[in-house]
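K.L.:
One structure, as structure tokens, below. Some questions next.
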Amino acid sequence: MISELLNMNGYGLYVWSAFSFTLLSFTTLFIFIKVQYNKERDKFIAKYGALDTQKAKIARTQIINQEILSSSQSI
Amino acid sequence: MFKIFEPNRIFLITSKAPKYVMSLFIMVLAIGLVEALILSPEDYKQGHSVRIMYVHVPSAWISLGIFSSITLLSLSGYVFRHKNFFLIAKSLAPSGLVFNIVALVTGSIWGKPTWGTWWAWDARITSMLVLAIFYLLYLVAWRIYGDKDKVLKITTLITIFGIVNIPIIKYSVEWWNTLHQPASINLMSKSAIHSSMLLPLIIMTAAFALFSLLIFLMKYNTELIKLKNKGLDRL
């Protein structure tokens, strides 16, 4: 059963390499975008932390800033 | 009119959505893979190699759909003078390019057992390669001119030239005598594909669409945070 599934009457190499390439591309793209996201978010947190009291007060008025700091994109 | 597209409002949704989209994507992909690799029948002519269709066709469809959306969004950005349209278009491009590459590579892998060659300069395949070049140009333009105003003009021009290629891709198999087979699925008439093969194709298309949505959301959130970073600098 397993060897049949792997071999697919001689087409296994083509089928599995097509599916593997697709999943590998998806994983690479996901990791690439995730790394970019984390980098920007870390930069934002560092900048936000370095604001003086006055500027921090202004920044706090924007909901989006609060949302970024508590960012729930936890995947 | 476009208050719904305000980044501050949108981020409240887009920051929470990825984890739900990710869960749904994994579920639909798992069902799609079982259907595509195990449950669906082999083709009477192509044998098991027909299973490559379940990754090749959805990738091609989505890459064409994304490029059309990018063009529409870029033009809308100009017409309605709304920068967020450009941001949405920019966030769609990475997944569009990857789906384009997947369609080309899996098509090439499918070509070897079916046509006896990895590559042929036929109209459909070549026009898909041209689309990949337009995707690359679009992304490179954002990278080079990202901080300048002219980036909007340059990227929109690229999409306008690129969109001319979309009908060429679609009708290339009818206009020219190509190695690539004509479309088996037509929205206007009965499909030439059996339901036992149509079902996995639809499920895999749904899974791939969810993946492109996931990547779009993550990229869009990144772009919004990038804007906010600039905003903090200006405080």
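Scheme for the structure tokens: letters A, B, ... for chains in order shown; per-chain residue numbers from 1; ligand numbers from 1 in order shown.
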Can you write out as a tab-separated table which residues of chain B fall within 9 Å of chain A, alongside each residue's closest atom pair and its distance in Å to one decimal, counting only C-alpha atoms and ordering rows by chain and ascending residue number?

P.N.:
residue	atom	partner	partner_atom	distance
B:Pro7	CA	A:Ile64	CA	8.4
B:Asn8	CA	A:Ile64	CA	5.5
B:Arg9	CA	A:Ile64	CA	7.9
B:Phe11	CA	A:Ile64	CA	6.7
B:Leu12	CA	A:Glu67	CA	7.1
B:Thr14	CA	A:Gln73	CA	8.5
B:Ser15	CA	A:Gln73	CA	5.4
B:Lys16	CA	A:Ser72	CA	5.6
B:Ala17	CA	A:Gln73	CA	7.5
B:Pro18	CA	A:Gln73	CA	6.3
B:Lys19	CA	A:Ile75	CA	5.9
B:Met22	CA	A:Ile75	CA	8.0
B:Leu37	CA	A:Leu5	CA	8.1
B:Ile38	CA	A:Leu5	CA	7.6
B:Gly47	CA	A:Tyr11	CA	7.8
B:His48	CA	A:Met8	CA	5.9
B:Ser49	CA	A:Tyr11	CA	5.6
B:Val50	CA	A:Val15	CA	8.3
B:Arg51	CA	A:Val15	CA	6.5
B:Ile52	CA	A:Val15	CA	5.6
B:Tyr54	CA	A:Phe19	CA	8.9
B:Val55	CA	A:Phe19	CA	6.8
B:His56	CA	A:Ala18	CA	8.3
B:Pro94	CA	A:Leu29	CA	8.0
B:Ser95	CA	A:Leu29	CA	7.6
B:Val98	CA	A:Ser25	CA	7.0
B:Phe99	CA	A:Thr22	CA	8.6
B:Ile101	CA	A:Ser25	CA	8.9
B:Val102	CA	A:Thr22	CA	5.9
B:Ala103	CA	A:Thr22	CA	8.9
B:Val105	CA	A:Ala18	CA	7.6
B:Thr106	CA	A:Ala18	CA	5.1
B:Gly107	CA	A:Ala18	CA	8.5
B:Ile109	CA	A:Tyr14	CA	6.0
B:Trp110	CA	A:Tyr14	CA	6.8
B:Lys112	CA	A:Tyr14	CA	8.3
B:Pro113	CA	A:Tyr11	CA	7.7
B:Phe211	CA	A:Phe26	CA	8.1
B:Leu214	CA	A:Phe30	CA	8.8
B:Ile215	CA	A:Phe30	CA	6.7
B:Met218	CA	A:Ile33	CA	6.8
B:Lys219	CA	A:Ile33	CA	6.3
B:Asn221	CA	A:Tyr37	CA	7.4
B:Thr222	CA	A:Tyr37	CA	4.8
B:Glu223	CA	A:Tyr37	CA	8.4
B:Ile225	CA	A:Glu40	CA	6.4
B:Lys226	CA	A:Glu40	CA	6.1
B:Lys228	CA	A:Asn65	CA	7.6
B:Asn229	CA	A:Phe44	CA	5.5
B:Leu232	CA	A:Lys47	CA	7.1
B:Asp233	CA	A:Lys47	CA	8.1
B:Leu235	CA	A:Lys55	CA	6.4

K.L.:
Please save N, CA and C atoms of the selected residues as a compact mmCIF listing (two decimals), in the first residue's frame.

P.N.:
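To be explicit, this is the file written out as selection25.txt:
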# COMPACT_ATOMS: atom_id res chain seq x y z
N PRO B 7 -6.03 52.38 7.65
CA PRO B 7 -5.13 51.41 8.28
C PRO B 7 -5.40 51.19 9.77
N ASN B 8 -5.74 52.29 10.49
CA ASN B 8 -5.97 52.14 11.93
C ASN B 8 -7.12 51.20 12.23
N ARG B 9 -8.16 51.26 11.39
CA ARG B 9 -9.32 50.39 11.59
C ARG B 9 -8.99 48.98 11.12
N PHE B 11 -6.19 47.41 10.87
CA PHE B 11 -5.21 46.65 11.65
C PHE B 11 -5.88 45.87 12.79
N LEU B 12 -6.97 46.43 13.31
CA LEU B 12 -7.68 45.75 14.40
C LEU B 12 -8.16 44.36 13.95
N THR B 14 -6.90 42.79 10.83
CA THR B 14 -5.80 42.03 10.19
C THR B 14 -4.78 41.50 11.18
N SER B 15 -4.67 42.13 12.37
CA SER B 15 -3.69 41.63 13.34
C SER B 15 -4.19 40.36 14.03
N LYS B 16 -5.49 40.19 14.08
CA LYS B 16 -6.04 39.00 14.75
C LYS B 16 -6.34 37.86 13.79
N ALA B 17 -6.56 38.21 12.52
CA ALA B 17 -7.03 37.21 11.55
C ALA B 17 -6.03 36.09 11.21
N PRO B 18 -4.70 36.36 11.13
CA PRO B 18 -3.79 35.31 10.63
C PRO B 18 -3.88 33.97 11.35
N LYS B 19 -4.03 33.98 12.68
CA LYS B 19 -4.04 32.67 13.36
C LYS B 19 -5.27 31.84 12.99
N MET B 22 -4.69 30.65 9.37
CA MET B 22 -3.67 29.58 9.40
C MET B 22 -4.31 28.23 9.77
N LEU B 37 -3.89 13.03 -3.37
CA LEU B 37 -2.85 12.00 -3.47
C LEU B 37 -3.38 10.58 -3.29
N ILE B 38 -4.51 10.43 -2.59
CA ILE B 38 -4.99 9.07 -2.29
C ILE B 38 -6.35 8.76 -2.91
N GLY B 47 -2.17 8.52 -16.33
CA GLY B 47 -1.87 7.74 -15.12
C GLY B 47 -1.83 8.64 -13.89
N HIS B 48 -0.93 8.29 -12.95
CA HIS B 48 -0.87 9.06 -11.69
C HIS B 48 -0.27 10.45 -11.86
N SER B 49 0.39 10.70 -13.00
CA SER B 49 1.02 12.02 -13.16
C SER B 49 -0.02 13.14 -13.17
N VAL B 50 -1.30 12.77 -13.39
CA VAL B 50 -2.37 13.78 -13.41
C VAL B 50 -2.52 14.47 -12.05
N ARG B 51 -2.01 13.80 -10.98
CA ARG B 51 -2.13 14.38 -9.63
C ARG B 51 -1.37 15.72 -9.51
N ILE B 52 -0.40 15.91 -10.38
CA ILE B 52 0.36 17.18 -10.37
C ILE B 52 -0.59 18.35 -10.66
N TYR B 54 -3.29 19.02 -9.30
CA TYR B 54 -3.87 19.58 -8.09
C TYR B 54 -3.00 20.63 -7.41
N VAL B 55 -1.74 20.72 -7.79
CA VAL B 55 -0.92 21.84 -7.29
C VAL B 55 -0.64 22.85 -8.42
N HIS B 56 -0.55 22.32 -9.65
CA HIS B 56 -0.20 23.19 -10.78
C HIS B 56 -1.34 24.16 -11.14
N PRO B 94 4.07 39.23 -3.07
CA PRO B 94 4.96 38.09 -2.79
C PRO B 94 4.30 36.74 -3.00
N SER B 95 3.04 36.59 -2.54
CA SER B 95 2.39 35.29 -2.74
C SER B 95 2.08 35.07 -4.22
N VAL B 98 5.25 33.73 -5.80
CA VAL B 98 5.54 32.34 -5.41
C VAL B 98 4.58 31.38 -6.11
N PHE B 99 3.30 31.74 -6.22
CA PHE B 99 2.35 30.86 -6.93
C PHE B 99 2.72 30.76 -8.41
N ILE B 101 5.78 30.95 -9.65
CA ILE B 101 6.95 30.06 -9.74
C ILE B 101 6.52 28.61 -9.55
N VAL B 102 5.62 28.37 -8.58
CA VAL B 102 5.13 27.00 -8.34
C VAL B 102 4.44 26.47 -9.60
N ALA B 103 3.64 27.31 -10.25
CA ALA B 103 2.94 26.88 -11.48
C ALA B 103 3.96 26.52 -12.56
N VAL B 105 7.23 25.62 -12.18
CA VAL B 105 8.07 24.45 -11.83
C VAL B 105 7.24 23.16 -11.87
N THR B 106 6.04 23.18 -11.29
CA THR B 106 5.23 21.95 -11.30
C THR B 106 4.77 21.63 -12.73
N GLY B 107 4.57 22.67 -13.54
CA GLY B 107 4.22 22.45 -14.95
C GLY B 107 5.37 21.77 -15.68
N ILE B 109 7.67 19.88 -14.24
CA ILE B 109 7.76 18.49 -13.75
C ILE B 109 6.68 17.62 -14.43
N TRP B 110 5.51 18.18 -14.62
CA TRP B 110 4.40 17.46 -15.28
C TRP B 110 4.71 17.24 -16.76
N LYS B 112 7.53 16.58 -18.22
CA LYS B 112 8.50 15.50 -18.53
C LYS B 112 7.80 14.16 -18.82
N PRO B 113 6.93 13.65 -17.91
CA PRO B 113 6.27 12.37 -18.25
C PRO B 113 5.18 12.51 -19.32
N PHE B 211 -3.95 30.20 1.82
CA PHE B 211 -2.54 30.47 2.06
C PHE B 211 -2.17 31.87 1.55
N LEU B 214 -3.40 34.33 3.99
CA LEU B 214 -2.54 34.35 5.19
C LEU B 214 -1.29 35.19 4.96
N ILE B 215 -0.62 34.94 3.83
CA ILE B 215 0.61 35.68 3.52
C ILE B 215 0.30 37.16 3.31
N MET B 218 -0.20 38.81 6.77
CA MET B 218 1.08 38.98 7.48
C MET B 218 1.91 40.10 6.86
N LYS B 219 1.94 40.15 5.54
CA LYS B 219 2.73 41.16 4.84
C LYS B 219 2.10 42.55 5.03
N ASN B 221 0.26 43.54 7.58
CA ASN B 221 0.54 43.97 8.95
C ASN B 221 1.96 44.51 9.07
N THR B 222 2.89 43.83 8.40
CA THR B 222 4.30 44.27 8.41
C THR B 222 4.41 45.68 7.82
N GLU B 223 3.71 45.89 6.71
CA GLU B 223 3.77 47.20 6.05
C GLU B 223 3.16 48.30 6.94
N ILE B 225 3.05 48.28 10.24
CA ILE B 225 3.99 48.54 11.35
C ILE B 225 5.17 49.40 10.85
N LYS B 226 5.59 49.12 9.60
CA LYS B 226 6.66 49.92 8.99
C LYS B 226 6.24 51.40 8.94
N LYS B 228 4.03 52.83 10.87
CA LYS B 228 3.95 53.33 12.24
C LYS B 228 5.35 53.64 12.79
N ASN B 229 6.34 52.85 12.36
CA ASN B 229 7.74 53.10 12.75
C ASN B 229 8.18 54.48 12.26
N LEU B 232 6.56 57.13 14.38
CA LEU B 232 7.24 57.35 15.68
C LEU B 232 8.46 58.26 15.50
N ASP B 233 9.14 58.09 14.34
CA ASP B 233 10.31 58.93 14.07
C ASP B 233 9.91 60.40 13.96
N LEU B 235 7.47 61.90 15.54
CA LEU B 235 6.87 62.49 16.76
C LEU B 235 7.75 63.54 17.40

K.L.:
Please compute the CA of Leu217 (chain B)-CA of Leu92 (chain B) distance, one decimal, in Å.

P.N.:
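If I compute the distance from CA of Leu217 (chain B) to CA of Leu92 (chain B), I get 8.7 Å.
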
K.L.:
Excluding region 65-67 of chain B and residues on its chain fewer than 3 positions from it, collect all residues at most 7 Å away from it, counting only C-alpha atoms, and give them as a list in words.

P.N.:
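My list of contacting residues is Trp61, Ile62, Ile70, Thr71, Leu92 and Gly96 of chain B.
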
K.L.:
Using N, CA and C atoms, can you export the residues from the last selection as a PDB file, in the first residue's frame?

P.N.:
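Result file follows (part.pdb):
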ATOM      1  N   TRP B  61      -3.965  29.618 -11.432  1.00  0.00           N
ATOM      2  CA  TRP B  61      -5.177  30.453 -11.276  1.00  0.00           C
ATOM      3  C   TRP B  61      -4.928  31.590 -10.298  1.00  0.00           C
ATOM      4  N   ILE B  62      -4.345  31.247  -9.145  1.00  0.00           N
ATOM      5  CA  ILE B  62      -4.179  32.267  -8.098  1.00  0.00           C
ATOM      6  C   ILE B  62      -3.152  33.322  -8.520  1.00  0.00           C
ATOM      7  N   ILE B  70      -3.808  43.189  -8.275  1.00  0.00           N
ATOM      8  CA  ILE B  70      -2.776  44.212  -8.054  1.00  0.00           C
ATOM      9  C   ILE B  70      -2.984  45.378  -9.026  1.00  0.00           C
ATOM     10  N   THR B  71      -3.269  45.041 -10.295  1.00  0.00           N
ATOM     11  CA  THR B  71      -3.487  46.087 -11.302  1.00  0.00           C
ATOM     12  C   THR B  71      -4.705  46.935 -10.943  1.00  0.00           C
ATOM     13  N   LEU B  92       0.095  41.893  -1.661  1.00  0.00           N
ATOM     14  CA  LEU B  92      -0.375  40.707  -2.392  1.00  0.00           C
ATOM     15  C   LEU B  92       0.730  40.100  -3.267  1.00  0.00           C
ATOM     16  N   GLY B  96       1.770  36.150  -4.952  1.00  0.00           N
ATOM     17  CA  GLY B  96       1.520  36.017  -6.390  1.00  0.00           C
ATOM     18  C   GLY B  96       2.737  35.480  -7.118  1.00  0.00           C
TER      19      GLY B  96
END

K.L.:
Among region 22-161 of chain B, which residues carry a DSSP assignment of helix (DSSP H, G or I), reported as an mmCIF file with C-alpha atoms, in the first residue's frame?

P.N.:
data_model
loop_
_atom_site.group_PDB
_atom_site.id
_atom_site.type_symbol
_atom_site.label_atom_id
_atom_site.label_comp_id
_atom_site.auth_asym_id
_atom_site.auth_seq_id
_atom_site.Cartn_x
_atom_site.Cartn_y
_atom_site.Cartn_z
ATOM 1 C CA MET B 22 -3.669 29.580 9.402
ATOM 2 C CA SER B 23 -5.802 26.984 11.259
ATOM 3 C CA LEU B 24 -8.353 26.894 8.449
ATOM 4 C CA PHE B 25 -5.597 26.615 5.822
ATOM 5 C CA ILE B 26 -4.013 23.606 7.578
ATOM 6 C CA MET B 27 -7.392 21.846 7.822
ATOM 7 C CA VAL B 28 -8.378 22.453 4.194
ATOM 8 C CA LEU B 29 -4.873 21.567 2.936
ATOM 9 C CA ALA B 30 -4.902 18.269 4.880
ATOM 10 C CA ILE B 31 -8.251 17.290 3.323
ATOM 11 C CA GLY B 32 -7.044 18.463 -0.107
ATOM 12 C CA LEU B 33 -3.824 16.412 0.090
ATOM 13 C CA VAL B 34 -5.704 13.221 1.052
ATOM 14 C CA GLU B 35 -8.145 13.783 -1.817
ATOM 15 C CA ALA B 36 -5.416 14.685 -4.335
ATOM 16 C CA LEU B 37 -2.853 11.999 -3.471
ATOM 17 C CA ILE B 38 -4.985 9.067 -2.287
ATOM 18 C CA LEU B 39 -8.715 9.266 -3.014
ATOM 19 C CA HIS B 48 -0.865 9.058 -11.691
ATOM 20 C CA SER B 49 1.019 12.025 -13.161
ATOM 21 C CA VAL B 50 -2.373 13.779 -13.408
ATOM 22 C CA ARG B 51 -2.135 14.385 -9.634
ATOM 23 C CA ILE B 52 0.355 17.183 -10.368
ATOM 24 C CA MET B 53 -2.668 19.080 -11.692
ATOM 25 C CA TYR B 54 -3.873 19.578 -8.087
ATOM 26 C CA VAL B 55 -0.924 21.845 -7.295
ATOM 27 C CA HIS B 56 -0.199 23.187 -10.783
ATOM 28 C CA VAL B 57 -3.658 24.479 -11.770
ATOM 29 C CA PRO B 58 -4.610 26.247 -8.480
ATOM 30 C CA SER B 59 -1.183 27.941 -8.414
ATOM 31 C CA ALA B 60 -1.627 29.229 -11.965
ATOM 32 C CA TRP B 61 -5.177 30.453 -11.276
ATOM 33 C CA ILE B 62 -4.179 32.267 -8.098
ATOM 34 C CA SER B 63 -1.092 33.903 -9.608
ATOM 35 C CA LEU B 64 -3.246 35.264 -12.480
ATOM 36 C CA GLY B 65 -5.939 36.405 -10.041
ATOM 37 C CA ILE B 66 -3.449 38.169 -7.790
ATOM 38 C CA PHE B 67 -1.802 40.040 -10.660
ATOM 39 C CA SER B 68 -5.206 41.204 -11.921
ATOM 40 C CA SER B 69 -6.098 42.359 -8.390
ATOM 41 C CA ILE B 70 -2.776 44.212 -8.054
ATOM 42 C CA THR B 71 -3.487 46.087 -11.302
ATOM 43 C CA LEU B 72 -7.037 46.940 -10.250
ATOM 44 C CA LEU B 73 -5.865 48.132 -6.824
ATOM 45 C CA SER B 74 -3.048 50.244 -8.280
ATOM 46 C CA LEU B 75 -5.419 51.928 -10.717
ATOM 47 C CA SER B 76 -8.004 52.437 -7.944
ATOM 48 C CA GLY B 77 -5.266 54.003 -5.833
ATOM 49 C CA TYR B 78 -4.768 56.597 -8.535
ATOM 50 C CA VAL B 79 -8.455 57.167 -9.276
ATOM 51 C CA LYS B 83 -2.534 55.173 -0.682
ATOM 52 C CA ASN B 84 -3.869 52.159 1.164
ATOM 53 C CA PHE B 85 -4.843 50.550 -2.163
ATOM 54 C CA PHE B 86 -1.145 50.564 -3.116
ATOM 55 C CA LEU B 87 -0.233 49.055 0.235
ATOM 56 C CA ILE B 88 -2.747 46.232 -0.254
ATOM 57 C CA ALA B 89 -1.426 45.663 -3.801
ATOM 58 C CA LYS B 90 2.175 45.554 -2.553
ATOM 59 C CA SER B 91 1.229 43.035 0.156
ATOM 60 C CA LEU B 92 -0.375 40.707 -2.392
ATOM 61 C CA ALA B 93 2.663 40.534 -4.686
ATOM 62 C CA PRO B 94 4.964 38.094 -2.788
ATOM 63 C CA SER B 95 2.393 35.286 -2.740
ATOM 64 C CA GLY B 96 1.520 36.017 -6.390
ATOM 65 C CA LEU B 97 5.145 35.565 -7.409
ATOM 66 C CA VAL B 98 5.541 32.344 -5.410
ATOM 67 C CA PHE B 99 2.350 30.862 -6.927
ATOM 68 C CA ASN B 100 3.644 31.847 -10.374
ATOM 69 C CA ILE B 101 6.951 30.061 -9.735
ATOM 70 C CA VAL B 102 5.130 26.997 -8.336
ATOM 71 C CA ALA B 103 2.941 26.883 -11.476
ATOM 72 C CA LEU B 104 6.025 27.053 -13.733
ATOM 73 C CA VAL B 105 8.066 24.453 -11.834
ATOM 74 C CA THR B 106 5.226 21.953 -11.300
ATOM 75 C CA GLY B 107 4.221 22.451 -14.948
ATOM 76 C CA SER B 108 7.769 21.618 -15.952
ATOM 77 C CA ILE B 109 7.761 18.492 -13.748
ATOM 78 C CA TRP B 110 4.400 17.462 -15.276
ATOM 79 C CA GLY B 111 5.743 18.107 -18.778
ATOM 80 C CA LYS B 112 8.496 15.496 -18.531
ATOM 81 C CA PRO B 113 6.267 12.374 -18.249
ATOM 82 C CA THR B 114 3.496 13.878 -20.413
ATOM 83 C CA TRP B 115 5.332 15.593 -23.291
ATOM 84 C CA ALA B 123 2.769 30.316 -25.923
ATOM 85 C CA ARG B 124 1.183 29.345 -22.573
ATOM 86 C CA ILE B 125 4.432 28.473 -20.799
ATOM 87 C CA THR B 126 6.340 31.451 -22.177
ATOM 88 C CA SER B 127 3.570 33.914 -21.275
ATOM 89 C CA MET B 128 3.527 32.513 -17.713
ATOM 90 C CA LEU B 129 7.290 33.115 -17.569
ATOM 91 C CA VAL B 130 6.684 36.694 -18.744
ATOM 92 C CA LEU B 131 4.174 37.128 -15.897
ATOM 93 C CA ALA B 132 6.856 36.019 -13.402
ATOM 94 C CA ILE B 133 9.158 38.706 -14.855
ATOM 95 C CA PHE B 134 6.441 41.351 -14.329
ATOM 96 C CA TYR B 135 5.998 40.186 -10.729
ATOM 97 C CA LEU B 136 9.768 40.485 -10.216
ATOM 98 C CA LEU B 137 9.865 43.958 -11.780
ATOM 99 C CA TYR B 138 6.984 45.061 -9.544
ATOM 100 C CA LEU B 139 8.664 43.822 -6.357
ATOM 101 C CA VAL B 140 12.092 45.144 -7.345
ATOM 102 C CA ALA B 141 10.559 48.591 -8.077
ATOM 103 C CA TRP B 142 9.104 48.689 -4.546
ATOM 104 C CA ARG B 143 12.485 47.700 -3.122
ATOM 105 C CA ILE B 144 14.424 50.306 -5.107
ATOM 106 C CA TYR B 145 11.998 53.250 -4.961
ATOM 107 C CA LYS B 150 7.497 57.954 -7.881
ATOM 108 C CA VAL B 151 7.204 54.319 -6.715
ATOM 109 C CA LEU B 152 3.404 54.521 -7.101
ATOM 110 C CA LYS B 153 3.718 55.679 -10.710
ATOM 111 C CA ILE B 154 6.393 53.108 -11.617
ATOM 112 C CA THR B 155 4.625 50.128 -10.032
ATOM 113 C CA THR B 156 1.276 51.108 -11.605
ATOM 114 C CA LEU B 157 2.933 51.348 -15.028
ATOM 115 C CA ILE B 158 4.435 47.883 -14.534
ATOM 116 C CA THR B 159 1.012 46.434 -13.710
ATOM 117 C CA ILE B 160 -0.603 48.167 -16.714
ATOM 118 C CA PHE B 161 1.974 46.631 -19.077
#
